[in-house]
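my_file-v8.txt (compact mmCIF, C-alpha atoms) appears below.
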# COMPACT_ATOMS: atom_id res chain seq x y z
CA MET H 1217 -35.76 -10.64 36.38
CA LYS H 1218 -38.32 -8.17 35.17
CA SER H 1219 -36.64 -5.25 36.82
CA SER H 1220 -33.25 -6.11 35.31
CA CYS H 1221 -34.93 -6.29 31.90
CA LEU H 1222 -36.40 -2.87 32.47
CA GLN H 1223 -33.03 -1.60 33.56
CA LEU H 1224 -31.53 -2.93 30.40
CA LYS H 1225 -34.20 -1.20 28.36
CA ALA H 1226 -33.56 2.03 30.16
CA LEU H 1227 -29.86 1.67 29.52
CA CYS H 1228 -30.50 1.01 25.87
CA LEU H 1229 -32.73 4.03 25.64
CA ALA H 1230 -30.12 6.18 27.33
CA ALA H 1231 -27.45 4.90 24.96
CA CYS H 1232 -29.71 5.62 21.99
CA LEU H 1233 -30.34 9.13 23.22
CA VAL H 1234 -26.65 9.77 23.73
CA TRP H 1235 -25.94 8.35 20.29
CA ALA H 1236 -28.65 10.48 18.71
CA GLY H 1237 -27.20 13.48 20.47
CA LEU H 1238 -23.74 12.64 19.18
CA THR H 1239 -24.88 12.16 15.61
CA THR H 1240 -26.68 15.47 15.56
CA ALA H 1241 -23.56 17.03 16.98
CA LEU H 1242 -21.55 15.50 14.16
CA ALA H 1243 -24.17 16.22 11.50
CA LYS H 1244 -21.81 18.60 9.78
CA GLU H 1245 -19.50 15.71 8.94
CA ALA H 1246 -21.80 14.50 6.15
CA LEU H 1247 -22.19 11.13 7.84
CA PRO H 1248 -25.98 10.81 7.39
CA MET H 1249 -25.43 9.42 3.90
CA ALA H 1250 -24.25 6.24 5.59
CA GLN H 1251 -27.58 6.00 7.35
CA ASP H 1252 -29.69 5.77 4.24
CA PRO H 1253 -30.82 2.13 4.46
CA VAL H 1254 -31.59 1.78 0.73
CA LEU H 1255 -28.17 3.09 -0.21
CA GLU H 1256 -26.46 0.87 2.35
CA LYS H 1257 -28.26 -2.19 1.03
CA ARG H 1258 -27.10 -1.49 -2.48
CA LEU H 1259 -23.60 -0.78 -1.22
CA VAL H 1260 -23.49 -4.21 0.42
CA LEU H 1261 -24.87 -5.91 -2.70
CA ILE H 1262 -22.29 -4.27 -4.93
CA SER H 1263 -19.32 -4.52 -2.62
CA GLU H 1264 -19.90 -8.23 -1.98
CA GLU H 1265 -19.06 -8.75 -5.64
CA LEU H 1266 -15.86 -6.75 -5.37
CA ARG H 1267 -12.51 -7.81 -4.03
CA CYS H 1268 -10.56 -5.89 -1.45
CA LEU H 1269 -7.14 -5.27 -3.00
CA VAL H 1270 -5.24 -5.16 0.25
CA CYS H 1271 -6.49 -8.43 1.73
CA GLN H 1272 -7.23 -10.26 -1.44
CA ASN H 1273 -9.41 -13.02 -0.09
CA GLU H 1274 -11.90 -10.64 1.41
CA SER H 1275 -14.71 -8.86 -0.31
CA LEU H 1276 -14.95 -5.11 -0.24
CA ALA H 1277 -18.05 -5.51 1.91
CA SER H 1278 -16.32 -7.45 4.67
CA SER H 1279 -12.85 -5.94 4.68
CA ARG H 1280 -11.71 -3.65 7.46
CA ALA H 1281 -8.72 -2.38 5.50
CA GLU H 1282 -8.28 1.36 5.23
CA LEU H 1283 -8.45 1.25 1.44
CA ALA H 1284 -11.66 -0.79 1.59
CA ASN H 1285 -13.18 1.94 3.77
CA ASP H 1286 -12.20 4.56 1.22
CA LEU H 1287 -13.54 2.51 -1.67
CA ARG H 1288 -16.84 1.86 0.09
CA GLU H 1289 -17.12 5.59 0.66
CA GLU H 1290 -16.42 6.09 -3.03
CA VAL H 1291 -19.08 3.55 -4.02
CA ARG H 1292 -21.52 5.32 -1.68
CA LYS H 1293 -20.88 8.56 -3.51
CA LEU H 1294 -21.42 6.90 -6.88
CA ILE H 1295 -24.69 5.35 -5.69
CA ALA H 1296 -25.81 8.76 -4.47
CA GLN H 1297 -25.05 10.03 -7.98
CA ASN H 1298 -27.55 7.47 -9.31
CA GLN H 1299 -24.96 5.43 -11.14
CA SER H 1300 -25.94 1.92 -12.20
CA ASP H 1301 -24.27 -1.15 -10.71
CA GLN H 1302 -22.45 -1.69 -13.99
CA GLN H 1303 -21.17 1.89 -14.06
CA ILE H 1304 -19.88 1.56 -10.51
CA LYS H 1305 -18.10 -1.71 -11.29
CA ASP H 1306 -16.62 -0.19 -14.45
CA TYR H 1307 -15.37 2.74 -12.38
CA LEU H 1308 -13.38 0.38 -10.17
CA VAL H 1309 -12.25 -1.88 -13.01
CA ASN H 1310 -10.85 1.16 -14.83
CA ARG H 1311 -8.66 1.85 -11.83
CA TYR H 1312 -7.80 -1.53 -10.37
CA GLY H 1313 -8.37 -3.89 -13.28
CA ASP H 1314 -10.56 -6.98 -13.67
CA PHE H 1315 -8.97 -8.26 -10.51
CA VAL H 1316 -11.49 -6.38 -8.36
CA LEU H 1317 -14.36 -8.43 -9.78
CA TYR H 1318 -15.06 -11.70 -8.04
CA ARG H 1319 -17.13 -12.71 -11.06
CA PRO H 1320 -14.86 -12.23 -14.09
CA GLN H 1321 -16.39 -10.77 -17.22
CA VAL H 1322 -16.89 -13.07 -20.21
CA LYS H 1323 -14.49 -11.82 -22.90
CA PRO H 1324 -11.85 -13.42 -25.16
CA MET H 1325 -9.23 -13.09 -22.44
CA THR H 1326 -11.36 -15.09 -19.97
CA TRP H 1327 -12.81 -17.66 -22.38
CA VAL H 1328 -10.41 -20.34 -21.19
CA LEU H 1329 -11.45 -19.59 -17.63
CA TRP H 1330 -15.18 -19.76 -18.32
CA PHE H 1331 -15.32 -22.52 -20.93
CA GLY H 1332 -12.12 -24.47 -20.19
CA PRO H 1333 -13.75 -26.68 -17.55
CA PHE H 1334 -16.55 -27.63 -19.96
CA LEU H 1335 -13.98 -28.44 -22.63
CA LEU H 1336 -12.12 -30.63 -20.18
CA LEU H 1337 -15.38 -32.33 -19.22
CA ALA H 1338 -16.23 -32.96 -22.87
CA ALA H 1339 -12.76 -34.37 -23.47
CA ALA H 1340 -13.10 -36.64 -20.45
CA VAL H 1341 -16.54 -37.89 -21.59
CA TRP H 1342 -15.20 -38.52 -25.08
CA GLY H 1343 -12.19 -40.36 -23.61
CA MET H 1344 -14.42 -42.48 -21.42
CA PHE H 1345 -16.73 -43.50 -24.28
CA SER H 1346 -13.89 -44.34 -26.63
CA TYR H 1347 -12.27 -46.40 -23.87
CA ILE H 1348 -15.51 -48.29 -23.19
CA ARG H 1349 -16.06 -48.90 -26.89
CA GLN H 1350 -12.51 -50.15 -27.30
CA ARG H 1351 -12.92 -52.55 -24.41
CA GLN H 1352 -16.26 -53.81 -25.66
CA SER H 1353 -14.94 -54.55 -29.14
CA ALA H 1354 -11.87 -56.19 -27.63
CA GLN H 1355 -14.12 -58.34 -25.45
CA SER H 1356 -16.45 -59.33 -28.26
CA ALA H 1357 -13.46 -60.11 -30.48
CA GLY H 1358 -12.06 -62.27 -27.72
CA LEU H 1359 -15.42 -64.05 -27.33
CA ALA H 1360 -15.57 -65.22 -30.94
CA LEU H 1361 -14.02 -68.68 -30.73
CA SER H 1362 -12.66 -70.42 -33.75
CA ASP H 1363 -13.83 -74.00 -34.40
CA ALA H 1364 -10.42 -75.32 -33.46
CA ASP H 1365 -10.57 -73.45 -30.14
CA ARG H 1366 -14.03 -74.81 -29.44
CA HIS H 1367 -12.86 -78.34 -30.00
CA LYS H 1368 -9.93 -77.74 -27.69
CA VAL H 1369 -12.18 -76.36 -24.96
CA GLN H 1370 -14.55 -79.26 -25.26
CA ALA H 1371 -11.66 -81.68 -25.07
CA ILE H 1372 -10.43 -79.99 -21.90
CA LEU H 1373 -13.87 -80.00 -20.36
CA LYS H 1374 -14.33 -83.66 -21.18
CA SER H 1375 -11.02 -84.62 -19.76
CA GLY H 1376 -11.99 -82.67 -16.67
CA ASP H 1377 -14.93 -85.06 -16.17
CA ALA H 1378 -12.61 -87.85 -15.21
CA PRO H 1379 -10.00 -86.65 -12.75
CA MET Z 1311 3.49 -46.84 -26.81
CA LYS Z 1312 0.38 -44.67 -26.89
CA LYS Z 1313 -0.47 -45.75 -23.35
CA PHE Z 1314 2.85 -44.39 -22.26
CA PHE Z 1315 2.77 -41.06 -24.08
CA ILE Z 1316 -0.70 -39.85 -23.07
CA PRO Z 1317 -0.03 -39.71 -19.29
CA LEU Z 1318 3.43 -38.30 -19.97
CA GLY Z 1319 1.90 -35.57 -22.15
CA ILE Z 1320 -0.68 -34.70 -19.49
CA PHE Z 1321 2.07 -34.63 -16.87
CA LEU Z 1322 4.24 -32.30 -18.94
CA VAL Z 1323 1.33 -29.89 -19.53
CA LEU Z 1324 0.68 -29.89 -15.79
CA VAL Z 1325 4.35 -29.22 -15.05
CA ALA Z 1326 4.37 -26.34 -17.53
CA PHE Z 1327 1.30 -24.75 -15.90
CA LEU Z 1328 2.74 -25.15 -12.42
CA ALA Z 1329 6.15 -23.86 -13.47
CA VAL Z 1330 4.57 -20.64 -14.70
CA GLY Z 1331 1.86 -20.41 -12.07
CA LEU Z 1332 4.03 -20.94 -9.03
CA LYS Z 1333 6.50 -18.29 -10.06
CA ARG Z 1334 3.90 -15.59 -10.44
CA ASN Z 1335 3.32 -13.13 -7.65
CA PRO Z 1336 -0.37 -13.01 -6.75
CA GLN Z 1337 0.14 -9.58 -5.18
CA GLU Z 1338 1.12 -8.21 -8.54
CA ILE Z 1339 -2.01 -7.01 -10.27
CA PRO Z 1340 -1.67 -5.81 -13.85
CA SER Z 1341 -2.69 -2.18 -13.90
CA PRO Z 1342 -5.38 -1.21 -16.38
CA LEU Z 1343 -3.83 2.26 -16.40
CA LEU Z 1344 -0.81 1.29 -18.48
CA GLY Z 1345 -1.00 3.05 -21.82
CA LYS Z 1346 -3.74 5.37 -20.53
CA PRO Z 1347 -3.44 9.06 -19.72
CA ALA Z 1348 -2.38 9.75 -16.16
CA PRO Z 1349 -5.44 10.94 -14.20
CA LEU Z 1350 -5.37 14.66 -13.61
CA PHE Z 1351 -5.31 16.23 -10.19
CA SER Z 1352 -4.50 19.49 -8.52
CA LEU Z 1353 -3.04 19.08 -5.06
CA SER Z 1354 -1.34 21.20 -2.43
CA THR Z 1355 2.42 21.00 -2.32
CA LEU Z 1356 5.08 21.22 0.36
CA ASP Z 1357 5.27 24.91 -0.49
CA THR Z 1358 3.16 26.75 2.08
CA GLY Z 1359 2.61 29.56 -0.39
CA GLY Z 1360 -0.43 27.68 -1.63
CA ALA Z 1361 1.01 26.58 -4.96
CA LYS Z 1362 -0.79 23.60 -6.51
CA PHE Z 1363 0.63 20.92 -8.73
CA GLY Z 1364 -0.87 18.58 -11.29
CA PRO Z 1365 0.37 16.14 -13.98
CA GLN Z 1366 -0.48 18.77 -16.59
CA ASP Z 1367 2.51 20.77 -15.29
CA MET Z 1368 4.86 18.02 -16.48
CA ARG Z 1369 3.76 17.93 -20.12
CA GLY Z 1370 6.68 17.36 -22.48
CA LYS Z 1371 8.75 15.62 -19.82
CA VAL Z 1372 9.25 11.99 -18.96
CA TRP Z 1373 8.75 11.86 -15.22
CA MET Z 1374 8.24 9.59 -12.27
CA LEU Z 1375 5.38 9.70 -9.81
CA ASN Z 1376 6.33 8.07 -6.52
CA VAL Z 1377 3.55 7.37 -4.03
CA TRP Z 1378 4.83 7.33 -0.47
CA ALA Z 1379 4.11 8.17 3.17
CA THR Z 1380 6.21 8.54 6.28
CA TRP Z 1381 4.33 5.65 7.94
CA CYS Z 1382 5.32 3.32 5.10
CA ALA Z 1383 8.31 1.15 5.95
CA ALA Z 1384 9.03 0.00 2.42
CA CYS Z 1385 9.19 3.65 1.36
CA ARG Z 1386 12.13 4.11 3.68
CA ASP Z 1387 13.80 1.13 2.01
CA GLU Z 1388 13.50 2.50 -1.49
CA HIS Z 1389 14.22 6.10 -0.55
CA PRO Z 1390 18.04 6.02 -0.94
CA LEU Z 1391 17.58 4.67 -4.46
CA LEU Z 1392 15.27 7.55 -5.37
CA VAL Z 1393 17.73 10.04 -3.93
CA ALA Z 1394 20.52 8.51 -6.01
CA LEU Z 1395 18.30 8.55 -9.08
CA SER Z 1396 17.53 12.23 -8.67
CA LYS Z 1397 21.17 13.07 -7.98
CA ALA Z 1398 22.09 11.33 -11.23
CA ASN Z 1399 19.64 13.67 -12.94
CA GLN Z 1400 17.91 10.77 -14.64
CA LEU Z 1401 14.40 12.15 -14.53
CA PRO Z 1402 12.23 14.45 -12.45
CA ILE Z 1403 10.55 12.60 -9.59
CA VAL Z 1404 7.31 13.89 -8.13
CA GLY Z 1405 6.40 12.69 -4.66
CA LEU Z 1406 2.75 11.95 -3.99
CA ASN Z 1407 2.31 11.66 -0.26
CA TYR Z 1408 -0.58 9.26 0.23
CA LYS Z 1409 -2.82 9.64 3.29
CA GLU Z 1410 -0.04 10.87 5.53
CA VAL Z 1411 -2.40 11.66 8.38
CA GLN Z 1412 -4.53 8.66 9.31
CA ALA Z 1413 -7.71 8.57 11.37
CA GLN Z 1414 -5.86 7.28 14.43
CA ASP Z 1415 -3.59 10.34 14.37
CA ALA Z 1416 -6.46 12.55 15.48
CA PRO Z 1417 -6.46 13.47 19.16
CA ALA Z 1418 -9.15 11.63 21.13
CA GLY Z 1419 -12.64 13.02 20.64
CA ARG Z 1420 -11.65 15.45 17.95
CA GLN Z 1421 -11.60 15.18 14.19
CA LEU Z 1422 -8.90 16.82 12.17
CA THR Z 1423 -9.91 19.38 9.60
CA PRO Z 1424 -8.32 19.19 6.14
CA ASP Z 1425 -6.21 22.21 7.12
CA ASP Z 1426 -4.94 20.41 10.22
CA LYS Z 1427 -4.13 17.38 8.14
CA LEU Z 1428 -2.23 19.38 5.56
CA ARG Z 1429 -0.23 21.14 8.24
CA ILE Z 1430 0.69 17.88 9.99
CA ALA Z 1431 1.51 16.18 6.68
CA ARG Z 1432 3.79 19.05 5.67
CA GLU Z 1433 5.58 18.99 9.00
CA ARG Z 1434 6.16 15.25 8.95
CA SER Z 1435 7.24 15.14 5.31
CA ALA Z 1436 9.63 18.04 5.77
CA VAL Z 1437 11.32 16.25 8.66
CA TRP Z 1438 11.54 12.99 6.71
CA LEU Z 1439 12.90 14.62 3.57
CA GLN Z 1440 15.41 16.64 5.52
CA ARG Z 1441 16.66 13.56 7.32
CA LEU Z 1442 16.72 11.12 4.42
CA GLY Z 1443 17.26 13.44 1.46
CA ASP Z 1444 14.74 14.98 -0.89
CA PRO Z 1445 14.61 13.31 -4.32
CA TYR Z 1446 11.45 15.12 -5.39
CA VAL Z 1447 11.18 18.12 -7.68
CA VAL Z 1448 7.83 18.69 -6.03
CA SER Z 1449 5.92 16.97 -3.23
CA VAL Z 1450 2.14 16.88 -3.26
CA PHE Z 1451 -0.31 15.74 -0.62
CA ASP Z 1452 -3.17 13.36 -1.26
CA LEU Z 1453 -4.69 13.70 2.17
CA ASP Z 1454 -7.89 11.72 1.68
CA GLY Z 1455 -6.51 9.18 -0.80
CA ARG Z 1456 -8.90 10.34 -3.51
CA VAL Z 1457 -6.13 10.74 -6.12
CA GLY Z 1458 -4.72 7.40 -4.99
CA ILE Z 1459 -8.00 5.76 -5.99
CA ASP Z 1460 -7.80 7.33 -9.46
CA TYR Z 1461 -4.31 5.90 -9.87
CA GLY Z 1462 -5.36 2.50 -8.56
CA VAL Z 1463 -3.05 2.71 -5.56
CA TYR Z 1464 -3.51 -0.23 -3.21
CA GLY Z 1465 -0.12 -0.70 -1.63
CA VAL Z 1466 2.30 2.09 -0.88
CA PRO Z 1467 4.95 2.62 -2.22
CA GLU Z 1468 3.90 2.65 -5.84
CA THR Z 1469 5.81 4.16 -8.70
CA TYR Z 1470 4.65 5.31 -12.11
CA ILE Z 1471 6.57 6.46 -15.16
CA ILE Z 1472 4.67 8.95 -17.26
CA ASP Z 1473 5.77 9.92 -20.76
CA LYS Z 1474 5.89 13.27 -22.56
CA GLU Z 1475 2.27 12.99 -23.65
CA GLY Z 1476 1.13 12.31 -20.09
CA VAL Z 1477 0.55 8.58 -20.67
CA ILE Z 1478 1.39 6.06 -17.95
CA ARG Z 1479 4.07 3.70 -19.27
CA PHE Z 1480 5.10 1.78 -16.20
CA LYS Z 1481 3.76 0.93 -12.81
CA GLN Z 1482 5.50 -0.74 -9.93
CA VAL Z 1483 3.71 -1.79 -6.77
CA GLY Z 1484 6.03 -2.02 -3.79
CA ALA Z 1485 9.52 -0.67 -3.36
CA VAL Z 1486 11.63 0.09 -6.41
CA THR Z 1487 14.72 -2.09 -6.31
CA LEU Z 1488 18.06 -1.69 -8.01
CA GLU Z 1489 17.14 -4.65 -10.17
CA THR Z 1490 13.86 -3.20 -11.49
CA LEU Z 1491 15.61 0.11 -11.94
CA GLN Z 1492 18.31 -1.41 -14.11
CA SER Z 1493 16.30 -4.00 -15.96
CA GLN Z 1494 13.10 -2.03 -16.57
CA ILE Z 1495 13.03 1.62 -15.60
CA LEU Z 1496 16.30 2.87 -17.10
CA PRO Z 1497 15.83 1.11 -20.48
CA LEU Z 1498 12.28 2.47 -20.61
CA LEU Z 1499 13.57 5.97 -19.89
CA GLN Z 1500 16.02 5.77 -22.76
CA LYS Z 1501 13.26 4.64 -25.08
CA LEU Z 1502 10.82 7.33 -23.95
CA ASN Z 1503 13.38 10.12 -24.03
CA ALA Z 1504 14.45 9.13 -27.53
CA SER Z 1505 10.92 9.38 -28.91

Structure rendered as structure tokens:
Amino acid sequence: MKSSCLQLKALCLAACLVWAGLTTALAKEALPMAQDPVLEKRLVLISEELRCLVCQNESLASSRAELANDLREEVRKLIAQNQSDQQIKDYLVNRYGDFVLYRPQVKPMTWVLWFGPFLLLAAAVWGMFSYIRQRQSAQSAGLALSDADRHKVQAILKSGDAP
Amino acid sequence: MKKFFIPLGIFLVLVAFLAVGLKRNPQEIPSPLLGKPAPLFSLSTLDTGGAKFGPQDMRGKVWMLNVWATWCAACRDEHPLLVALSKANQLPIVGLNYKEVQAQDAPAGRQLTPDDKLRIARERSAVWLQRLGDPYVVSVFDLDGRVGIDYGVYGVPETYIIDKEGVIRFKQVGAVTLETLQSQILPLLQKLNAS
């Protein structure tokens, strides 16, 4: 058990060494930018909020589409240029429209989207209360018996005593 | 009476929303570039002499920018229409070849240099245009898709109409059809050429 674990470790180490060798060999390709952990973290945070345009139900962070790769590379460049999150999002919105944002901006065009549900809720609450009030007043109106009715009821009840 | 009209009203509103909503194409994303200046670029052309081309070269003309690639099946579908359009001398069409050479085209274990990519892209495009007809006044190569990003390209083919001032007036994602040509593009051309 122990020896196989050691073997595994050795294998891992060998793989790491080979990989390190490869990356240094490819160092000219400007890949190291992708290895900056701070940059990558921000890239993930930003691209999770962005939609992949090719496969529209995937975020830019999770999509394997070719265009998503290119756009992630583009976002990486913008991060390296010290652009703010907002600037980066604006950059993409200017090219692909609001559609790339999973969280739509609040502006006159999207008011119905943002506030419509609350309006509907308010209308439903108002409808419910007016319905309840209507029913209550109908019930209380129905409860008020006239004297004639009361006499009738009593007569019925009395007659019910002797079947 | 009221009890009858309220549900009916709600139902009709719902029907109206569905009637509109179900007919819309979710793939069709309104481009924010409409009415904005066409992004500038300077790209290599089919001409091996090293001549570059950019939208600034088309100032004063109403022209069409057609984004295509030889790997794109829908481009093959729309190609005859573009050839016919250019033969009818309707407007100059510029071909923007988008990412002709993809990562998987590289031979195993080797990465293609930009020069390799340009050479391959030129070869492939020349063959395609020779076989299917060349509707383009000039063909440019967007090898890394960088210009495509500026134009908001997300599905090839895409077609843009750019006016005399260099402003984008029309964008079509997907193949141009005879119907869009007749109902939208040609009337727009008349309007833009008249101004």

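Using only C-alpha atoms, the chain Z residues found within 10 Å of chain H amount to Pro1336, Gln1337, Ile1339, Pro1340, Ser1341, Pro1342, Leu1343, Pro1349, Gln1412, Ala1413, Gln1421, Asp1454, Gly1455, Arg1456, Gly1458, Ile1459, Asp1460, Tyr1461, Gly1462, Val1463, Tyr1464 and Gly1465 of chain Z.
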
(request) In Å, rounded to a single decimal, give me how far CA of Ala1326 (chain Z) is from CA of Thr1490 (chain Z). (result) 25.7 Å

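Reported to one decimal place, the separation of CA of Ser1352 (chain Z) from CA of Tyr1470 (chain Z) is 17.3 Å.
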
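Atom to atom, CA of Ala1277 (chain H) and CA of Ser1263 (chain H) stand 4.8 Å apart.
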
(request) Quick one: everything within 7 Å of Gly1364 (chain Z), counting only C-alpha atoms, minus sequence neighbours fewer than 4 positions away in the same chain. Send it as an MDAnalysis selection string. (result) chainID Z and resid 1350:1353

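By only C-alpha atoms, and with residues fewer than 3 positions from region 1387-1396 of chain Z along its chain excluded, the set lying at most 7 Å from it is Ala1383, Ala1384, Asn1399, Gln1400, Leu1401, Pro1402, Gly1443, Asp1444, Pro1445, Ala1485, Val1486 and Thr1487 of chain Z.
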
(message) List as an MDAnalysis selection string the residues having at least one atom at most 6 Å from position (3.1, 3.2, -3.0) as given in the file, counting all atoms listed in the file.
(response) chainID Z and resid 1377:1378 1465:1468

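Minimum atom-to-atom distances from H:Arg1267, H:Arg1292, H:Lys1368, H:Lys1257 to Leu1317 (chain H) were compared using all atoms listed in the file, and the lowest value belongs to H:Arg1267.
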
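In this comparison, which uses only C-alpha atoms, the residue of Z:Val1411, Z:Leu1356, Z:Ile1316, Z:Val1447 approaching Asp1426 (chain Z) most closely is Z:Val1411.
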
(request) Please work out which residues fall within 12 Å of (-5.5, 13.9, 12.0), coordinates as given in the file, with only C-alpha atoms counting, and return them as a PyMOL selection string. (result) chain Z and resi 1409-1431+1453-1454

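Comparing H:Arg1288, H:Glu1265, H:Leu1361, H:Leu1335 by their smallest distance to Arg1319 (chain H), the closest is H:Glu1265 (using all atoms listed in the file).
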